[in-house]
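Chemist: Sending over a structure as structure tokens; questions will come in a sec.
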Amino acid sequence: MSIKKKLFGVLADGREVYSYTLKNANGMSVKILNYGGTIVKLKVADRNGCFTDVVGGYDCLDSYVGADGYQGALIGRFGNRINKGKFTLEGVDYTLFINNNDNHLHGGEFGFDKKLWDAETFDGDEPVLKLHIVSPDGDEGYPGNLDLTVTYKLTSENGLSIRYEATTDKSTPLNLTNHTYFNLGGYASGSIHSLELMIDADTYLPTDERLIPTGEMRSVSGTPFDFRTPKKIGTDINSECLDIKLAGGYDHCFNFTGGKTAEPIKRCELYDEKSGRVMSVYTNQPCVQFYSGNFLTNEKYPFKGGYPQRVQTLLCLETQHMPDSINQDGFTDCVLRPGEKYDFTTEYRFSVK
Ligand code: BGC
């Protein structure tokens with residue numbers, strides 16, 4: 001319906017960063033940067049028609065450059081962790097940048113969240129922002145020139161759809177996601193414990209203390225990880241279960257029942273009783289990392305309007321392949337090969353109850 005472009009800030013090397021605000025006919029809007037393809041603001045109506053910003057983020061570019069929380073950003077080449085930043089592919093050993101204890105996390109030092117993307121807009125009933133980069137052979141240690149397009153679309157049905165399309169000239173692990181932090185009561189409304197969550201997953205991946213999956217796919221039955229029937233996030237978040245203790249809450253990969261699908265289907269649903277807002281997550285990806293914001297403690301980078309970071313006040317539902325899947329037998333295939341096309345879509349669709 002409308003797209004507004006505005007200068008957001010200037011990087012240390014002089015490159016300009018722009019924000020693009022897409023709005024649909026219902027008044028829902030999303031503000032996205034060409035830096036990291038970062039979602040800065042997402043205004044969604046409650047059951048009384050009042051709009052609130054439901055995503056975490058900062059007021060200025062310096063915070064997006066300096067902070068380490070990946071607020072709202074596109075993640076790649078590999079979402080989540082690769083054990084010790086090492087893998088072997090087609091007989092060749094690769095070493096990646098280490099940025100999380102002794103692991104590689106979210107694409108490394110200058111992952112896709114730190115890139116300035118080429119942007120193109122297409123206005124209409126469903127406004128679109130199309131972002132493009134080429135990640136060169138050797139980028140952060142990964143093989144192959146990767147050509148990547150991410151298309152954000154704001155639909156007439158109040159969906160924010162994100163399509164990831166990529167090709168490569170050498171085989172490479174690839175696991176793209178978006179790292180937006182949500183709280184349906186508003187980003188500054190406090191704890192996420194009262195939100196109700198459904199995840200269509202019958203197994204999850206236990207991890208070691210470095211948050212690397214152990215290799216086991218464990219049934220959610222009888223564990224704090226069973227969200228097949230909607231459950232308040234706070235119900236089991238302080239459980240004595242070892243997997244919860246190791247992560248300080250939820251920070252786990254949930255494997256969707258039946259695996260990836262040809263077309264996006266509803267896999268998660270988040271509901272806030274107070275505001276009536278519902279967020280349904282449609283995807284054709286095989287898994288989701290449910291991260292309950294356990295590390296939101298960085299006092300140096302307050303959120304928009306000076307609101308301080310607080311643990312478990314925002315959560316991520318990062319649709320993805322399995323973490324460390326490049327090193328683990330029996331995990332989802334995360335390799336994109338020459339001649340293949342990577343093509344996944346995730347939509348966060350909003351409604352009220
Ligand atoms: C990971 C967390 C990590 C966070 C921010 C999430 O995707 O699962 O362990 O702390 O990203 O980097």
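We label chains A, B, ... in the order they appear in the structure tokens, count residues from 1 in each chain, and number ligands from 1 in the order shown.
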Could you name the residues that touch Phe97 of chain A at 9 Å or less, counting only C-alpha atoms, but leaving out those on the same chain fewer than 2 positions away, as a count of residues only?

Modeler: 11

Chemist: Neighbouring residues of ligand 1 are defined here as those with any atom at most 8 Å from a ligand atom, counting only C-alpha atoms and all ligand atoms; list them as a list of chain:residue names.

Modeler: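 Every residue with an atom at most 8 Å from ligand 1 is listed here: A:Asp68, A:Gly69, A:Tyr70, A:Gly79, A:Asn80, A:Arg81, A:Leu105, A:His106, A:His179, A:Leu211, A:Ala247, A:Asp251, A:His252, A:Gln289, A:Phe290, A:Tyr291, A:Gly293, A:Asn294, A:Phe295, A:Cys316, A:Glu318.
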
Chemist: Hey, which of A:Cys334, A:Ile39, A:Leu314, A:Ala201 ends up closest to Tyr187 of chain A? Count only C-alpha atoms.

Modeler: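 Looking only at the distances to Tyr187 of chain A, the closest residue turns out to be A:Leu314.
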
Chemist: Smallest atom-to-atom distance to Ile244 of chain A: which of A:Leu197, A:Leu205, A:Met322, A:Val40, using only C-alpha atoms?

Modeler: A:Leu205

Chemist: Based on the backbone DSSP call, show me all residues of segment 170-320 of chain A assigned strand (DSSP E or B), as a PyMOL selection string.

Modeler: chain A and resi 172-173+175+177-178+181-182+196-199+201-204+207+213+218-219+231-232+251-256+265-271+277-283+287-291+315-320

Chemist: Go ahead and compute the interatomic distance for atom CA of Asp123 of chain A and atom CA of Ile32 of chain A, in Å to one decimal.

Modeler: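 Interatomic distance, atom CA of Asp123 of chain A to atom CA of Ile32 of chain A: 14.7 Å.
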
Chemist: What's the 8 Å shell around Val30 of chain A, counting only C-alpha atoms, without same-chain residues fewer than 3 positions away, as a list in words?

Modeler: Thr21, Leu22, Lys23, Ile39, Val40, Lys41, Leu42, Lys43 and Leu154 of chain A

Chemist: Could those residues be written to a file, using C-alpha atoms, as a PDB file, in the first residue's frame?

Modeler:
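In the end it all went to out_25.pdb:
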```pdb
ATOM      1  CA  THR A  21       8.742   1.223   5.995  1.00  0.00           C
ATOM      2  CA  LEU A  22       6.122  -0.998   4.353  1.00  0.00           C
ATOM      3  CA  LYS A  23       2.461  -0.477   5.268  1.00  0.00           C
ATOM      4  CA  ILE A  39      13.547  -5.625  11.117  1.00  0.00           C
ATOM      5  CA  VAL A  40      13.589  -2.565  13.365  1.00  0.00           C
ATOM      6  CA  LYS A  41       9.883  -2.072  14.052  1.00  0.00           C
ATOM      7  CA  LEU A  42       6.718  -4.105  13.496  1.00  0.00           C
ATOM      8  CA  LYS A  43       3.435  -2.448  14.387  1.00  0.00           C
ATOM      9  CA  LEU A 154       3.719  -7.447   3.834  1.00  0.00           C
TER      10      LEU A 154
END
```
